[in-house]
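structure-v1.cif (mmCIF, C-alpha atoms)
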data_my_file
loop_
_atom_site.label_atom_id
_atom_site.label_comp_id
_atom_site.auth_asym_id
_atom_site.auth_seq_id
_atom_site.Cartn_x
_atom_site.Cartn_y
_atom_site.Cartn_z
CA VAL Q 1 -51.48 25.27 67.86
CA VAL Q 2 -52.00 26.31 64.26
CA GLN Q 3 -54.83 28.66 63.33
CA LEU Q 4 -56.37 28.07 59.91
CA VAL Q 5 -58.70 30.33 57.93
CA GLU Q 6 -60.25 29.18 54.65
CA SER Q 7 -61.59 31.35 51.85
CA GLY Q 8 -62.68 31.05 48.25
CA GLY Q 9 -65.78 28.93 48.50
CA GLY Q 10 -68.95 29.73 46.61
CA ALA Q 11 -71.59 28.51 44.20
CA VAL Q 12 -70.72 27.31 40.72
CA GLN Q 13 -72.31 25.28 37.95
CA ALA Q 14 -71.12 21.82 37.09
CA GLY Q 15 -67.99 21.94 34.98
CA GLY Q 16 -66.84 25.16 36.59
CA SER Q 17 -63.81 25.93 38.74
CA LEU Q 18 -63.04 27.33 42.17
CA ARG Q 19 -59.82 28.01 44.04
CA LEU Q 20 -59.78 27.63 47.79
CA SER Q 21 -57.16 29.28 49.99
CA CYS Q 22 -56.12 28.59 53.57
CA ALA Q 23 -54.06 31.01 55.65
CA ALA Q 24 -52.09 29.42 58.49
CA SER Q 25 -50.71 31.19 61.55
CA GLY Q 26 -49.31 30.24 64.93
CA ASN Q 27 -46.96 27.27 65.35
CA THR Q 28 -46.55 26.64 61.63
CA ARG Q 29 -42.89 25.57 61.96
CA ASN Q 30 -44.01 22.22 63.37
CA THR Q 31 -46.51 21.48 60.60
CA TYR Q 32 -45.72 18.07 59.08
CA SER Q 33 -48.45 18.03 56.46
CA MET Q 34 -51.55 19.94 55.42
CA ALA Q 35 -54.71 18.78 53.78
CA TRP Q 36 -58.15 19.61 52.50
CA PHE Q 37 -61.16 17.71 53.73
CA ARG Q 38 -64.82 18.04 52.81
CA GLN Q 39 -68.09 17.13 54.43
CA ALA Q 40 -71.36 16.77 52.57
CA PRO Q 41 -74.68 16.97 54.43
CA GLY Q 42 -75.32 13.77 56.32
CA LYS Q 43 -71.93 12.30 55.47
CA GLU Q 44 -68.62 11.83 57.21
CA ARG Q 45 -65.77 14.29 56.71
CA GLU Q 46 -63.46 12.85 54.06
CA GLY Q 47 -59.93 13.63 52.94
CA VAL Q 48 -59.65 15.21 49.50
CA ALA Q 49 -55.98 16.13 49.09
CA ALA Q 50 -52.87 16.39 51.23
CA ILE Q 51 -49.32 17.69 50.88
CA VAL Q 52 -46.08 17.61 52.85
CA PRO Q 53 -43.86 20.70 53.15
CA GLN Q 54 -41.64 21.56 50.23
CA TYR Q 55 -38.47 20.99 52.28
CA ALA Q 56 -39.68 17.40 52.80
CA GLY Q 57 -40.31 16.79 49.11
CA GLY Q 58 -43.72 18.36 48.60
CA ASN Q 59 -45.36 15.00 47.86
CA THR Q 60 -49.10 15.02 47.36
CA ASN Q 61 -51.92 12.56 47.87
CA TYR Q 62 -55.43 12.69 46.40
CA ASP Q 63 -58.66 10.84 46.93
CA ASP Q 64 -59.56 8.87 43.83
CA SER Q 65 -62.74 10.92 43.35
CA VAL Q 66 -60.77 14.12 42.64
CA LYS Q 67 -57.65 12.85 40.88
CA GLY Q 68 -57.08 14.74 37.65
CA ARG Q 69 -59.52 17.50 38.63
CA PHE Q 70 -58.16 18.98 41.86
CA THR Q 71 -54.66 20.27 42.57
CA ILE Q 72 -53.30 21.00 46.02
CA SER Q 73 -50.42 23.45 46.35
CA GLN Q 74 -48.69 25.52 49.00
CA ASP Q 75 -46.61 28.62 49.56
CA ASN Q 76 -44.56 27.71 52.61
CA ALA Q 77 -42.98 31.17 52.82
CA LYS Q 78 -46.43 32.75 53.18
CA ASN Q 79 -47.98 29.88 55.15
CA MET Q 80 -50.68 29.44 52.54
CA LEU Q 81 -52.40 26.31 51.24
CA PHE Q 82 -54.48 26.18 48.06
CA LEU Q 83 -56.88 23.84 46.34
CA GLN Q 84 -57.59 24.39 42.65
CA MET Q 85 -60.81 22.61 41.75
CA ASN Q 86 -61.67 22.13 38.08
CA SER Q 87 -64.43 20.22 36.30
CA LEU Q 88 -66.55 20.44 39.41
CA LYS Q 89 -69.42 18.01 39.88
CA PRO Q 90 -72.56 18.24 42.04
CA GLU Q 91 -71.10 15.51 44.26
CA ASP Q 92 -68.23 17.87 45.14
CA THR Q 93 -70.70 19.97 47.12
CA GLY Q 94 -69.92 20.34 50.80
CA VAL Q 95 -68.06 22.29 53.42
CA TYR Q 96 -64.33 22.25 52.72
CA TYR Q 97 -61.93 22.30 55.65
CA CYS Q 98 -58.24 23.06 55.81
CA ALA Q 99 -56.27 20.88 58.23
CA ALA Q 100 -52.74 20.81 59.61
CA ARG Q 101 -50.83 17.97 61.24
CA THR Q 102 -48.41 18.91 64.04
CA PHE Q 103 -47.73 15.53 65.63
CA GLY Q 104 -46.04 12.29 64.62
CA GLY Q 105 -43.20 13.80 62.60
CA LEU Q 106 -42.66 13.97 58.87
CA THR Q 107 -43.91 11.32 56.50
CA THR Q 108 -42.89 10.97 52.88
CA PHE Q 109 -46.46 10.30 51.82
CA PRO Q 110 -49.05 12.74 53.20
CA LEU Q 111 -51.95 11.17 55.03
CA LEU Q 112 -55.65 11.62 54.19
CA ALA Q 113 -57.15 10.15 57.34
CA ARG Q 114 -59.09 12.55 59.53
CA SER Q 115 -57.38 11.18 62.64
CA ALA Q 116 -54.00 12.26 61.28
CA TYR Q 117 -54.79 15.97 61.69
CA ASP Q 118 -55.08 17.98 64.88
CA ASN Q 119 -55.73 21.52 63.68
CA TRP Q 120 -58.81 22.55 61.69
CA GLY Q 121 -60.26 25.64 60.10
CA GLN Q 122 -63.90 26.67 60.27
CA GLY Q 123 -64.65 25.58 56.72
CA THR Q 124 -65.89 27.21 53.53
CA GLN Q 125 -69.01 26.16 51.61
CA VAL Q 126 -68.75 24.88 48.05
CA THR Q 127 -71.99 24.33 46.14
CA VAL Q 128 -72.02 22.83 42.66
CA SER Q 129 -75.31 22.85 40.79
CA SER Q 130 -76.19 20.63 37.87
#
Could you render the structure from this file as structure tokens?
Amino acid sequence: VVQLVESGGGAVQAGGSLRLSCAASGNTRNTYSMAWFRQAPGKEREGVAAIVPQYAGGNTNYDDSVKGRFTISQDNAKNMLFLQMNSLKPEDTGVYYCAARTFGGLTTFPLLARSAYDNWGQGTQVTVSS
């Protein structure tokens, strides 16, 4: 089991930036990919960005809605995951969750499907006002 704790959420105006952090602990050695998801009120949780460990190539994957604005990164030595969010829009509002995948082995291309992740943080709220 991997424990995940998010931080860095808050309220910002459209066009602003936020940086989310996720601290991982527990069985992190068997983490095959990590990701950020978000859930807006009344909507399904959706994948935003994902990354495989650096030793596996560090490849990233982004939802089309955030490409060019969000950047996922990691510090494997410190078991930290980050999401730099720039040019924020009101539609980026939601609870952002950190997720870790510890089954299925390594993949070259990190997955964004919710079913691909088995460890979740409690979430951090991001609110973007127009």
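The residue that comes closest to Asp118 in chain Q, out of Q:Arg29, Q:Arg45, Q:Met34, Q:Ala40 and on the basis of only C-alpha atoms, is Q:Met34.
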Residue contacts of Cys98 in chain Q (8 Å, all atoms listed in the file) excluding same-chain residues fewer than 6 positions away, as a list in words
Leu4, Val5, Glu6, Cys22, Met34, Ala35, Trp36, Phe37, Trp120, Gly121 and Gly123 of chain Q
Take the PyMOL selection byres ((chain Q and resi 41) around 10), apply it to the structure above, and return the hits as a count of residues only.
9
Considering all atoms listed in the file, return as JSON, numbers by chain whatever protein or nucleic-acid residues lie within 10 Å of Ser21 in chain Q, sequence-local ones (same chain, fewer than 6 positions apart) excluded.
{"Q": [5, 6, 7, 8, 9, 72, 73, 74, 80, 81, 82, 83, 84, 98, 124]}
CA of Asn30 in chain Q and CA of Val66 in chain Q, how far apart in Å?
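Here the two named atoms are 27.9 Å from each other.
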For Phe109 in chain Q, which residue out of Q:Lys89, Q:Leu18, Q:Ser130, Q:Pro53 is the nearest one, using only C-alpha atoms?
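Nearest candidate to Phe109 in chain Q out of Q:Lys89, Q:Leu18, Q:Ser130, Q:Pro53: Q:Pro53.
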Do you have the CA of Gly26 in chain Q-CA of Asp63 in chain Q distance handy?
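So the two atoms, CA of Gly26 in chain Q and CA of Asp63 in chain Q, lie 28.1 Å apart.
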I need the residue set behind the PyMOL selection byres ((chain Q and resi 85-88) around 7) for this file; please write it as a list in words.
Ala14, Gly15, Gly16, Ser17, Leu18, Arg19, Arg69, Phe70, Thr71, Leu83, Gln84, Lys89, Pro90, Asp92 and Val128 of chain Q
Could you write out as a ChimeraX atom specification the residues that the PyMOL selection byres ((chain Q and resi 56) around 10) matches in the shown file?
/Q:32-33,51-55,57-59,106-109
